[in-house]
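**Q** One file is attached below, input-v5.cif, containing mmCIF, C-alpha atoms.
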```
data_my_file
#
loop_
_atom_site.label_atom_id
_atom_site.label_comp_id
_atom_site.auth_asym_id
_atom_site.auth_seq_id
_atom_site.Cartn_x
_atom_site.Cartn_y
_atom_site.Cartn_z
CA MET N 976 14.66 -46.91 -90.00
CA SER N 977 17.32 -44.41 -90.97
CA ALA N 978 20.92 -44.85 -89.90
CA CYS N 979 20.57 -41.98 -87.43
CA GLU N 980 17.49 -43.49 -85.79
CA GLN N 981 19.39 -46.75 -85.41
CA TYR N 982 21.97 -44.97 -83.26
CA THR N 983 19.74 -42.62 -81.31
CA ASP N 984 19.72 -44.73 -78.10
CA ALA N 985 23.34 -45.78 -78.46
CA ILE N 986 24.39 -42.14 -78.67
CA ASP N 987 23.14 -41.54 -75.13
CA GLU N 988 25.23 -44.45 -73.88
CA TYR N 989 28.15 -43.22 -75.95
CA VAL N 990 27.94 -39.81 -74.28
CA ASP N 991 27.62 -41.47 -70.86
CA GLY N 992 30.65 -43.65 -71.56
CA THR N 993 28.71 -46.83 -70.83
CA LEU N 994 28.79 -48.35 -74.31
CA ASP N 995 30.79 -51.53 -74.82
CA PRO N 996 33.86 -51.31 -77.12
CA GLU N 997 32.06 -52.82 -80.09
CA GLY N 998 29.09 -50.48 -79.78
CA ARG N 999 31.45 -47.57 -79.32
CA ARG N 1000 33.30 -48.39 -82.52
CA ALA N 1001 30.00 -48.64 -84.41
CA VAL N 1002 28.83 -45.25 -83.11
CA GLU N 1003 32.17 -43.65 -83.93
CA ALA N 1004 32.02 -45.04 -87.46
CA HIS N 1005 28.57 -43.51 -87.87
CA LEU N 1006 29.69 -40.18 -86.38
CA ALA N 1007 32.56 -40.01 -88.86
CA ASP N 1008 29.98 -39.88 -91.66
CA CYS N 1009 27.15 -37.97 -89.99
CA ALA N 1010 27.45 -34.30 -89.08
CA THR N 1011 23.91 -34.34 -87.65
CA CYS N 1012 24.76 -36.94 -85.04
CA ARG N 1013 28.12 -35.34 -84.31
CA THR N 1014 26.22 -32.16 -83.40
CA LEU N 1015 23.85 -34.20 -81.25
CA VAL N 1016 26.77 -35.74 -79.38
CA GLN N 1017 28.35 -32.34 -78.79
CA ASP N 1018 25.04 -30.96 -77.54
CA LEU N 1019 24.48 -33.84 -75.15
CA GLU N 1020 28.02 -33.59 -73.82
CA GLN N 1021 27.53 -29.87 -73.23
CA LEU N 1022 24.21 -30.54 -71.56
CA ARG N 1023 25.77 -33.13 -69.25
CA ARG N 1024 28.63 -30.81 -68.30
CA THR N 1025 26.24 -28.00 -67.38
CA ALA N 1026 23.89 -30.35 -65.56
CA ARG N 1027 26.70 -31.71 -63.38
CA ALA N 1028 27.78 -28.18 -62.52
CA LEU N 1029 24.35 -27.04 -61.29
CA ASP N 1030 24.34 -25.66 -57.77
CA ALA N 1031 23.21 -27.53 -54.70
CA PRO N 1032 22.39 -24.64 -52.37
CA ALA N 1033 22.41 -25.40 -48.67
CA PRO N 1034 18.94 -25.09 -47.16
CA PRO N 1035 18.38 -22.13 -44.82
CA PRO N 1036 18.90 -22.80 -41.10
CA ARG N 1037 15.19 -22.49 -40.35
CA VAL N 1038 14.55 -25.84 -42.07
CA TRP N 1039 16.70 -27.77 -39.60
CA ALA N 1040 15.35 -25.72 -36.68
CA ALA N 1041 11.76 -26.56 -37.62
CA LEU N 1042 12.67 -30.18 -38.32
CA ALA N 1043 14.40 -30.59 -34.95
CA ASN N 1044 11.35 -29.12 -33.21
CA GLN N 1045 9.13 -31.53 -35.09
CA ILE N 1046 11.31 -34.51 -34.18
CA GLU N 1047 11.19 -33.49 -30.54
CA ALA N 1048 7.41 -33.15 -30.82
CA ASP N 1049 7.33 -36.60 -32.44
CA ARG N 1050 8.93 -38.10 -29.38
CA GLY N 1051 6.13 -36.88 -27.19
CA ALA N 1052 3.20 -37.64 -29.45
CA ALA N 1053 2.08 -40.25 -31.91
CA ARG N 1054 2.88 -38.91 -35.37
CA PRO N 1055 1.61 -35.35 -35.31
CA PRO N 1056 0.68 -33.84 -38.62
CA ARG N 1057 3.56 -32.36 -40.52
CA ILE N 1058 4.33 -28.74 -39.90
CA ARG N 1059 4.21 -26.37 -42.78
CA ARG N 1060 5.54 -22.83 -42.78
CA ALA N 1061 2.33 -21.23 -41.56
CA ASP N 1062 2.03 -23.73 -38.72
CA ARG N 1063 5.59 -23.16 -37.63
CA MET N 1064 4.75 -19.59 -36.80
CA ARG N 1065 1.28 -20.23 -35.38
CA SER N 1066 2.40 -20.56 -31.79
CA SER N 1067 4.21 -17.30 -31.97
CA TRP N 1068 3.08 -13.93 -30.76
CA LEU N 1069 4.21 -12.70 -34.16
CA ILE N 1070 1.52 -14.52 -36.09
CA GLY N 1071 -0.39 -11.44 -37.23
CA LEU N 1072 2.56 -9.60 -38.63
CA ALA N 1073 4.05 -12.74 -40.06
CA ALA N 1074 0.85 -13.56 -41.90
CA ALA N 1075 0.88 -10.10 -43.46
CA ALA N 1076 4.44 -10.62 -44.60
CA ALA N 1077 3.56 -14.04 -45.98
CA VAL N 1078 0.79 -12.54 -48.09
CA ALA N 1079 3.27 -10.07 -49.52
CA LEU N 1080 5.65 -12.93 -50.28
CA VAL N 1081 2.99 -14.80 -52.22
CA VAL N 1082 2.50 -11.74 -54.38
CA ILE N 1083 6.25 -11.48 -54.85
CA THR N 1084 6.52 -15.08 -55.92
CA ALA N 1085 3.91 -14.57 -58.61
CA SER N 1086 5.66 -11.45 -59.88
CA VAL N 1087 9.08 -13.04 -59.88
CA VAL N 1088 7.83 -16.12 -61.67
CA ARG N 1089 6.36 -13.90 -64.37
CA LEU N 1090 9.59 -11.98 -64.58
CA MET N 1091 11.73 -15.11 -64.82
CA GLU N 1092 9.50 -16.50 -67.55
CA ARG N 1093 10.44 -13.64 -69.83
CA PRO N 1094 12.61 -14.63 -72.75
CA HIS N 1095 16.12 -13.22 -72.70
CA THR N 1096 16.59 -9.88 -74.28
CA THR N 1097 20.06 -9.36 -72.97
CA THR N 1098 23.05 -9.03 -75.19
CA GLU N 1099 25.21 -10.72 -72.58
CA ALA N 1100 27.09 -13.87 -73.43
CA VAL N 1101 24.18 -16.27 -73.32
CA THR N 1102 25.14 -18.46 -76.18
CA THR N 1103 22.13 -20.70 -76.40
CA PRO N 1104 19.53 -19.94 -79.04
CA ALA N 1105 16.45 -18.02 -78.02
CA SER N 1106 13.87 -19.72 -75.87
CA THR N 1107 11.09 -21.49 -77.70
CA GLY N 1108 8.53 -20.36 -75.16
CA THR N 1109 5.30 -18.86 -76.36
CA THR N 1110 5.61 -15.73 -74.25
CA ALA N 1111 5.75 -12.57 -76.28
CA ALA N 1112 9.21 -11.06 -76.47
CA ALA N 1113 9.82 -8.58 -73.69
CA THR N 1114 10.80 -5.05 -74.46
CA PRO N 1115 13.39 -3.31 -72.28
CA GLU N 1116 10.56 -1.14 -70.94
CA SER N 1117 8.34 -4.08 -69.99
CA VAL N 1118 11.26 -5.91 -68.34
CA ALA N 1119 12.16 -2.80 -66.37
CA GLY N 1120 8.51 -2.32 -65.40
CA GLU N 1121 8.12 -5.87 -64.12
CA LEU N 1122 11.41 -5.70 -62.31
CA GLN N 1123 10.30 -2.54 -60.57
CA GLN N 1124 7.07 -4.28 -59.61
CA ALA N 1125 8.96 -7.25 -58.16
CA GLU N 1126 11.32 -4.89 -56.33
CA ALA N 1127 8.35 -3.03 -54.85
CA HIS N 1128 6.82 -6.28 -53.61
CA TYR N 1129 10.11 -7.45 -52.13
CA GLU N 1130 10.64 -4.14 -50.42
CA LYS N 1131 7.15 -4.27 -48.95
CA ALA N 1132 7.72 -7.76 -47.58
CA ILE N 1133 11.17 -6.84 -46.31
CA ASP N 1134 9.72 -3.84 -44.51
CA GLY N 1135 7.17 -6.11 -42.83
CA LEU N 1136 9.78 -8.67 -41.86
CA GLN N 1137 12.13 -5.96 -40.61
CA GLN N 1138 9.40 -4.59 -38.37
CA ILE N 1139 8.85 -8.03 -36.89
CA ALA N 1140 12.58 -8.57 -36.46
CA LYS N 1141 13.04 -5.11 -34.90
CA ALA N 1142 10.17 -5.68 -32.46
CA GLY N 1143 11.78 -8.85 -31.18
CA GLN N 1144 15.41 -7.88 -31.42
CA GLY N 1145 15.66 -7.29 -27.68
CA SER N 1146 15.42 -11.07 -27.25
CA LEU N 1147 18.64 -11.61 -29.15
CA ASP N 1148 22.14 -11.81 -27.83
CA PRO N 1149 23.80 -8.48 -28.76
CA LYS N 1150 26.64 -10.29 -30.56
CA VAL N 1151 24.20 -12.31 -32.65
CA ALA N 1152 22.17 -9.19 -33.40
CA ALA N 1153 25.34 -7.40 -34.51
CA ALA N 1154 26.35 -10.31 -36.77
CA LEU N 1155 22.89 -10.39 -38.33
CA GLN N 1156 23.05 -6.65 -38.92
CA GLN N 1157 26.44 -7.04 -40.55
CA ASN N 1158 25.03 -9.70 -42.89
CA LEU N 1159 22.13 -7.45 -43.76
CA THR N 1160 24.58 -4.66 -44.61
CA VAL N 1161 26.46 -6.98 -46.98
CA ILE N 1162 23.20 -7.98 -48.67
CA ASP N 1163 22.15 -4.34 -48.97
CA GLN N 1164 25.47 -3.64 -50.63
CA ALA N 1165 24.81 -6.44 -53.13
CA ILE N 1166 21.37 -4.97 -53.82
CA ALA N 1167 22.89 -1.55 -54.42
CA GLU N 1168 25.54 -2.98 -56.76
CA SER N 1169 22.95 -4.93 -58.76
CA ARG N 1170 20.81 -1.84 -59.06
CA ALA N 1171 23.82 0.14 -60.29
CA ALA N 1172 24.56 -2.55 -62.88
CA LEU N 1173 20.94 -2.49 -64.04
CA LYS N 1174 21.08 1.25 -64.44
CA THR N 1175 23.80 0.92 -67.06
CA GLN N 1176 22.42 -2.34 -68.57
CA PRO N 1177 18.68 -2.41 -67.93
CA THR N 1178 18.11 -5.71 -69.77
CA SER N 1179 21.07 -7.62 -68.36
CA GLU N 1180 19.77 -10.95 -67.14
CA PRO N 1181 22.72 -11.62 -64.79
CA ALA N 1182 22.13 -8.25 -63.13
CA ARG N 1183 18.39 -8.96 -62.82
CA ALA N 1184 19.05 -12.44 -61.44
CA SER N 1185 21.61 -11.03 -59.02
CA LEU N 1186 19.21 -8.37 -57.74
CA LEU N 1187 16.38 -10.87 -57.24
CA ASP N 1188 18.79 -13.29 -55.58
CA ALA N 1189 19.94 -10.57 -53.18
CA PHE N 1190 16.30 -9.81 -52.32
CA ARG N 1191 15.62 -13.50 -51.74
CA THR N 1192 18.69 -13.76 -49.53
CA LYS N 1193 17.54 -10.78 -47.50
CA VAL N 1194 14.06 -12.24 -47.07
CA GLY N 1195 15.64 -15.56 -46.03
CA LEU N 1196 17.92 -13.93 -43.48
CA LEU N 1197 15.04 -11.96 -42.00
CA GLU N 1198 12.93 -15.12 -41.81
CA ASP N 1199 15.78 -16.88 -40.03
CA THR N 1200 16.11 -13.93 -37.65
CA ILE N 1201 12.42 -14.17 -36.82
CA ALA N 1202 12.68 -17.93 -36.32
CA LEU N 1203 15.58 -17.27 -33.94
CA ILE N 1204 13.60 -14.65 -32.02
CA ASN N 1205 10.72 -17.12 -31.72
CA GLU N 1206 12.99 -19.78 -30.26
CA MET N 1207 14.47 -17.30 -27.78
CA ARG N 1208 11.05 -16.15 -26.67
CA LYS N 1209 9.92 -19.74 -26.22
CA GLY N 1210 13.00 -20.30 -24.10
CA ASN N 1211 14.19 -22.99 -26.47
CA SER N 1212 17.92 -22.42 -26.28
CA ALA N 1213 18.67 -25.65 -28.19
CA GLY N 1214 16.48 -24.53 -31.10
CA ALA N 1215 18.06 -21.08 -31.05
CA ALA N 1216 21.55 -22.57 -31.01
CA ARG N 1217 20.70 -24.66 -34.06
CA ILE N 1218 19.58 -21.59 -35.98
CA VAL N 1219 22.67 -19.62 -34.98
CA HIS N 1220 24.82 -22.59 -36.04
CA GLY N 1221 23.04 -22.66 -39.39
CA LEU N 1222 23.44 -18.92 -39.84
CA LYS N 1223 27.17 -19.23 -39.30
CA GLU N 1224 27.35 -21.95 -41.94
CA SER N 1225 25.24 -20.16 -44.53
CA MET T 430 26.61 -49.83 -46.28
CA ARG T 431 29.60 -47.75 -45.20
CA SER T 432 30.65 -48.35 -41.61
CA ALA T 433 30.45 -44.61 -40.90
CA ASP T 434 26.82 -44.64 -42.10
CA ALA T 435 26.06 -47.72 -40.00
CA GLU T 436 27.45 -46.04 -36.91
CA LEU T 437 25.55 -42.83 -37.56
CA ILE T 438 22.30 -44.70 -38.13
CA ALA T 439 22.78 -46.69 -34.94
CA ARG T 440 23.20 -43.44 -32.99
CA CYS T 441 20.09 -41.99 -34.66
CA ARG T 442 18.09 -45.06 -33.74
CA HIS T 443 19.09 -44.55 -30.12
CA GLY T 444 17.47 -41.14 -30.23
CA ASP T 445 20.66 -39.09 -30.62
CA LEU T 446 19.44 -35.88 -32.26
CA SER T 447 22.96 -34.62 -32.88
CA ALA T 448 23.60 -37.77 -34.93
CA PHE T 449 20.51 -37.09 -37.01
CA GLU T 450 21.65 -33.51 -37.43
CA GLU T 451 24.96 -34.84 -38.76
CA LEU T 452 23.07 -37.07 -41.18
CA TYR T 453 20.95 -34.08 -42.21
CA ARG T 454 23.99 -31.89 -42.84
CA GLN T 455 25.63 -34.59 -44.95
CA HIS T 456 22.67 -34.98 -47.28
CA ALA T 457 20.51 -31.86 -46.99
CA SER T 458 22.15 -29.79 -49.73
CA ARG T 459 21.73 -32.43 -52.44
CA LEU T 460 18.16 -33.21 -51.41
CA HIS T 461 17.38 -29.51 -51.13
CA ALA T 462 18.66 -29.06 -54.69
CA LEU T 463 16.45 -31.93 -55.81
CA ALA T 464 13.41 -30.48 -54.03
CA CYS T 465 14.11 -27.01 -55.51
CA ARG T 466 14.06 -28.51 -59.01
CA MET T 467 10.95 -30.59 -58.41
CA ALA T 468 8.89 -27.96 -56.55
CA PRO T 469 7.59 -24.76 -58.08
CA THR T 470 8.83 -22.44 -55.32
CA ARG T 471 11.64 -22.28 -52.79
CA ALA T 472 9.07 -22.27 -49.99
CA ASP T 473 7.58 -25.54 -51.27
CA ALA T 474 11.09 -26.98 -51.58
CA GLU T 475 11.82 -26.15 -47.94
CA ASP T 476 8.59 -27.81 -46.85
CA LEU T 477 9.44 -30.87 -48.93
CA LEU T 478 12.93 -31.06 -47.47
CA GLN T 479 11.53 -30.92 -43.97
CA GLU T 480 9.04 -33.64 -44.85
CA ILE T 481 11.73 -35.84 -46.42
CA PHE T 482 13.92 -35.76 -43.32
CA LEU T 483 11.01 -36.13 -40.94
CA LEU T 484 10.01 -39.24 -42.86
CA ALA T 485 13.62 -40.43 -42.85
CA HIS T 486 13.76 -39.99 -39.07
CA ARG T 487 10.54 -41.94 -38.62
CA LYS T 488 11.58 -44.69 -41.02
CA LEU T 489 15.22 -45.14 -40.11
CA GLY T 490 14.24 -48.20 -38.13
CA THR T 491 13.17 -49.91 -41.36
CA PHE T 492 16.41 -49.12 -43.20
CA LYS T 493 18.13 -52.47 -43.63
CA GLY T 494 21.32 -51.21 -45.22
CA GLU T 495 20.77 -53.13 -48.45
CA SER T 496 21.46 -49.98 -50.40
CA ALA T 497 23.61 -46.96 -49.65
CA LEU T 498 22.09 -44.53 -47.17
CA SER T 499 22.15 -41.82 -49.84
CA THR T 500 20.20 -44.05 -52.26
CA TRP T 501 17.61 -44.74 -49.56
CA LEU T 502 17.29 -41.03 -48.80
CA TYR T 503 16.94 -40.17 -52.48
CA ARG T 504 14.20 -42.81 -52.79
CA LEU T 505 12.30 -41.28 -49.89
CA GLY T 506 12.97 -37.79 -51.22
CA MET T 507 11.93 -38.46 -54.75
CA ASN T 508 8.72 -40.17 -53.61
CA VAL T 509 7.83 -37.16 -51.48
CA CYS T 510 8.62 -34.78 -54.34
CA LEU T 511 6.71 -36.76 -56.96
CA ASP T 512 3.69 -37.13 -54.68
CA PHE T 513 3.72 -33.39 -54.18
CA VAL T 514 4.12 -32.53 -57.87
CA ARG T 515 1.42 -34.95 -58.94
CA SER T 516 -1.02 -33.88 -56.29
CA ARG T 517 -0.52 -30.31 -57.50
CA GLN T 518 -1.11 -31.39 -61.04
CA GLY T 519 -4.35 -32.99 -59.98
CA ARG T 520 -3.78 -36.13 -61.93
CA SER T 521 -2.61 -39.57 -61.00
CA GLY T 522 0.45 -39.69 -63.19
CA ARG T 523 2.52 -42.82 -63.21
CA LEU T 524 6.24 -42.74 -62.95
CA THR T 525 6.51 -43.71 -66.54
CA ASP T 526 4.53 -40.66 -67.58
CA SER T 527 6.12 -39.91 -70.84
CA LEU T 528 6.66 -37.36 -73.46
CA ASP T 529 4.96 -39.58 -75.96
CA ASP T 530 2.72 -36.77 -77.01
CA GLU T 531 5.83 -34.99 -78.11
CA GLU T 532 8.44 -36.34 -80.42
CA PRO T 533 11.43 -37.56 -78.47
CA GLY T 534 13.68 -35.61 -80.72
CA ALA T 535 15.65 -36.19 -83.83
CA PRO T 536 19.25 -35.27 -84.38
CA ALA T 537 19.83 -31.60 -85.03
CA MET T 538 19.81 -30.25 -88.51
CA PRO T 539 23.27 -30.66 -90.02
CA GLN T 540 23.73 -26.97 -90.58
CA THR T 541 22.94 -26.11 -86.95
CA PRO T 542 26.07 -25.30 -84.96
CA PRO T 543 26.49 -27.17 -81.67
CA LEU T 544 25.52 -25.55 -78.41
CA ASP T 545 28.75 -23.81 -77.43
CA ALA T 546 27.58 -23.34 -73.91
CA VAL T 547 24.36 -23.86 -72.04
CA SER T 548 23.68 -21.27 -69.38
CA ARG T 549 22.61 -22.68 -66.03
CA ILE T 550 19.57 -20.44 -65.98
CA ASP T 551 18.40 -21.77 -69.36
CA LEU T 552 18.99 -25.32 -68.24
CA GLU T 553 17.10 -24.80 -64.97
CA ARG T 554 14.16 -23.40 -66.92
CA ALA T 555 14.19 -26.28 -69.37
CA ILE T 556 14.33 -28.83 -66.53
CA ALA T 557 11.29 -27.18 -64.96
CA GLU T 558 9.37 -27.81 -68.19
CA LEU T 559 9.86 -31.58 -68.07
CA PRO T 560 7.09 -33.92 -66.94
CA PRO T 561 7.71 -35.26 -63.41
CA GLY T 562 8.91 -38.76 -64.37
CA SER T 563 11.41 -37.55 -66.95
CA ARG T 564 12.52 -34.71 -64.71
CA ALA T 565 13.16 -37.12 -61.83
CA ALA T 566 15.22 -39.47 -64.02
CA PHE T 567 17.18 -36.62 -65.61
CA LEU T 568 17.97 -35.02 -62.24
CA LEU T 569 19.12 -38.29 -60.76
CA HIS T 570 21.23 -39.26 -63.78
CA ASP T 571 22.64 -36.11 -65.31
CA VAL T 572 22.66 -33.80 -62.28
CA GLU T 573 23.21 -36.16 -59.35
CA GLY T 574 25.29 -38.72 -61.22
CA PHE T 575 23.41 -41.90 -60.34
CA GLU T 576 23.61 -44.85 -62.71
CA HIS T 577 20.51 -46.31 -64.33
CA HIS T 578 20.37 -49.38 -62.07
CA GLU T 579 20.51 -47.07 -59.04
CA ILE T 580 17.80 -44.84 -60.47
CA ALA T 581 15.73 -47.95 -61.08
CA ALA T 582 15.99 -48.75 -57.36
CA ILE T 583 15.23 -45.18 -56.33
CA LEU T 584 12.23 -44.72 -58.60
CA GLY T 585 10.96 -48.30 -58.52
CA VAL T 586 11.16 -48.72 -62.28
CA SER T 587 13.32 -50.83 -64.59
CA ALA T 588 16.75 -49.65 -65.72
CA GLY T 589 15.34 -49.58 -69.26
CA THR T 590 12.63 -47.14 -68.19
CA SER T 591 15.24 -44.96 -66.55
CA LYS T 592 17.32 -44.91 -69.75
CA SER T 593 14.26 -44.10 -71.80
CA GLN T 594 13.22 -41.26 -69.48
CA VAL T 595 16.70 -39.72 -69.49
CA HIS T 596 16.83 -40.04 -73.29
CA LYS T 597 13.49 -38.27 -73.64
CA ALA T 598 14.41 -35.61 -71.12
CA ARG T 599 17.64 -34.76 -72.91
CA ARG T 600 15.90 -34.47 -76.29
CA LYS T 601 13.18 -32.32 -74.78
CA ILE T 602 15.69 -30.04 -73.06
CA ARG T 603 17.68 -29.76 -76.27
CA SER T 604 14.54 -28.80 -78.09
CA LEU T 605 13.69 -26.21 -75.41
CA LEU T 606 17.16 -24.75 -75.82
CA GLY T 607 16.22 -23.88 -79.35
CA ARG T 608 16.92 -26.89 -81.48
CA PRO T 609 14.68 -27.24 -84.54
CA ALA T 610 11.46 -29.18 -84.09
CA PRO T 611 12.32 -32.83 -84.43
CA ARG T 612 11.07 -34.86 -87.32
CA VAL T 613 11.44 -38.60 -87.18
CA SER T 614 10.05 -40.81 -89.88
CA GLY T 615 7.97 -43.81 -88.93
CA ARG T 616 6.97 -42.42 -85.54
CA PRO T 617 3.27 -41.93 -84.74
#
```
Starting from the file, give its structure as structure tokens.

**A**
Amino acid sequence: MSACEQYTDAIDEYVDGTLDPEGRRAVEAHLADCATCRTLVQDLEQLRRTARALDAPAPPPRVWAALANQIEADRGAARPPRIRRADRMRSSWLIGLAAAAAVALVVITASVVRLMERPHTTTEAVTTPASTGTTAAATPESVAGELQQAEAHYEKAIDGLQQIAKAGQGSLDPKVAAALQQNLTVIDQAIAESRAALKTQPTSEPARASLLDAFRTKVGLLEDTIALINEMRKGNSAGAARIVHGLKES
Amino acid sequence: MRSADAELIARCRHGDLSAFEELYRQHASRLHALACRMAPTRADAEDLLQEIFLLAHRKLGTFKGESALSTWLYRLGMNVCLDFVRSRQGRSGRLTDSLDDEEPGAPAMPQTPPLDAVSRIDLERAIAELPPGSRAAFLLHDVEGFEHHEIAAILGVSAGTSKSQVHKARRKIRSLLGRPAPRVSGRP
């Protein structure tokens, strides 16, 4: 066993700060002589820092709304089957349109996954070495093409969701409807800004990610709007209040 | 168990939905993050989150307070996520499913400069490449900040297995971030 192999486990504990003083001294003595392991330690420390800084996005309000409905249903029945997204909408008069939108979303997901799997071609400050994935390197043209495809799918789904939301908007409190519209305007602004950034830097990954994120946010807000309309139409003011509360927080 | 948790749980057990909503709001973001990193899509993650809290609501009566409420919720959550991932994979993987078919990773080549920065997007992608067991241990340790003995309780494995999984996950991620293929003498 080489000296480096001898320390490979201890280095993890060294980076975690859980090594006893004696072990720590031994690792430090090895690091003083070994550039390879010094690099490993720096990498692992960097990895840990980034990992601890990863986001924990709040779930959209519709999750709590659906959960609360399910808990209430639980109280009246012996363990009903769990409700998945499709089931949550089944009781609604909107099922037909919603199903069409869901189909479009499935297509979007596939496109976006493909897009996100592309190796980076940006010249932005992404300082890690290139991905080791087996996907062929994307050209600016192919990235732009796939992005356009994803945009088209998102727009199609958004159109569908907007139609559903518009059809049921009369059920909403005018103040809530105005607030939702204001949020949609902000998201549309973000979409426009991302598109403008992509025009000047077509391969910029942050701009691509920002555009896709804005689309996702818009889809999410429209889904929440529809969930809210459903609750209002069912006369479930408690469920509607929960969604509005969640929308205010998000 | 913290007294605030005990009080909240008592209210939940008495059927107070607003108490359960409070519990949900305290823990949903972290568990949502976990589900997002274990599930392939946001939609799946939302379904998993709903399932985790529904299960928590149904099982709160069995929570004895021997561990922190958050640890108990993570245990429920991780079980739900792993069941989902493994059922999608169509194989009965064990929690100790390993990266043994891949080298756990040797130190970087001396001439390779250290990673100055790791972008979050790259890290998220690399995490998604990990096998479920390693991914679970890495998320709990390096992202959520649990210690190995806590992870052992959450995942139902030994602390040694948790250490080993985190070790393997870190080497695999490092390799995915572009480190040279590892070469360790004496390994099969």

**Q** How many Å lie between CA of Pro1035 (chain N) and CA of Asp1199 (chain N), rounded to one decimal?

**A**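 Here the two named atoms are 7.6 Å from each other.
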
**Q** Would you kindly translate the PyMOL selection byres ((chain N and resi 1139) around 9) into the concrete residues it picks from this file, as a VMD selection string?

**A** chain N and resid 1069 1072 to 1073 1134 to 1138 1140 to 1144 1197 1201

**Q** Which residues come within 10 Å of Leu1203 (chain N), counting all atoms listed in the file, excluding same-chain residues fewer than 5 positions away, as a list of chain:residue names?

**A** N:Pro1036, N:Arg1037, N:Ala1040, N:Ala1140, N:Gly1143, N:Gln1144, N:Ser1146, N:Leu1147, N:Leu1197, N:Glu1198, N:Arg1208, N:Lys1209, N:Asn1211, N:Ser1212, N:Gly1214, N:Ala1215, N:Ala1216, N:Arg1217, N:Ile1218, N:Val1219, N:Leu1222

**Q** Taking the file as shown, find all residues satisfying the PyMOL selection byres ((chain N and resi 1159) around 12) and write them as a list in words.

**A**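 Answer for the PyMOL selection byres ((chain N and resi 1159) around 12): Ile1133, Gln1137, Ala1152, Ala1153, Ala1154, Leu1155, Gln1156, Gln1157, Asn1158, Thr1160, Val1161, Ile1162, Asp1163, Gln1164, Ala1165, Ile1166, Ala1189, Phe1190, Arg1191, Thr1192, Lys1193, Val1194, Gly1195, Leu1196, Leu1197, Asp1199 and Thr1200 of chain N.
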
**Q** Nearest to chain T: which of N:Ile1204, N:Ala1026, N:Leu1173, N:Cys1009 is it, counting only C-alpha atoms?

**A** N:Ala1026
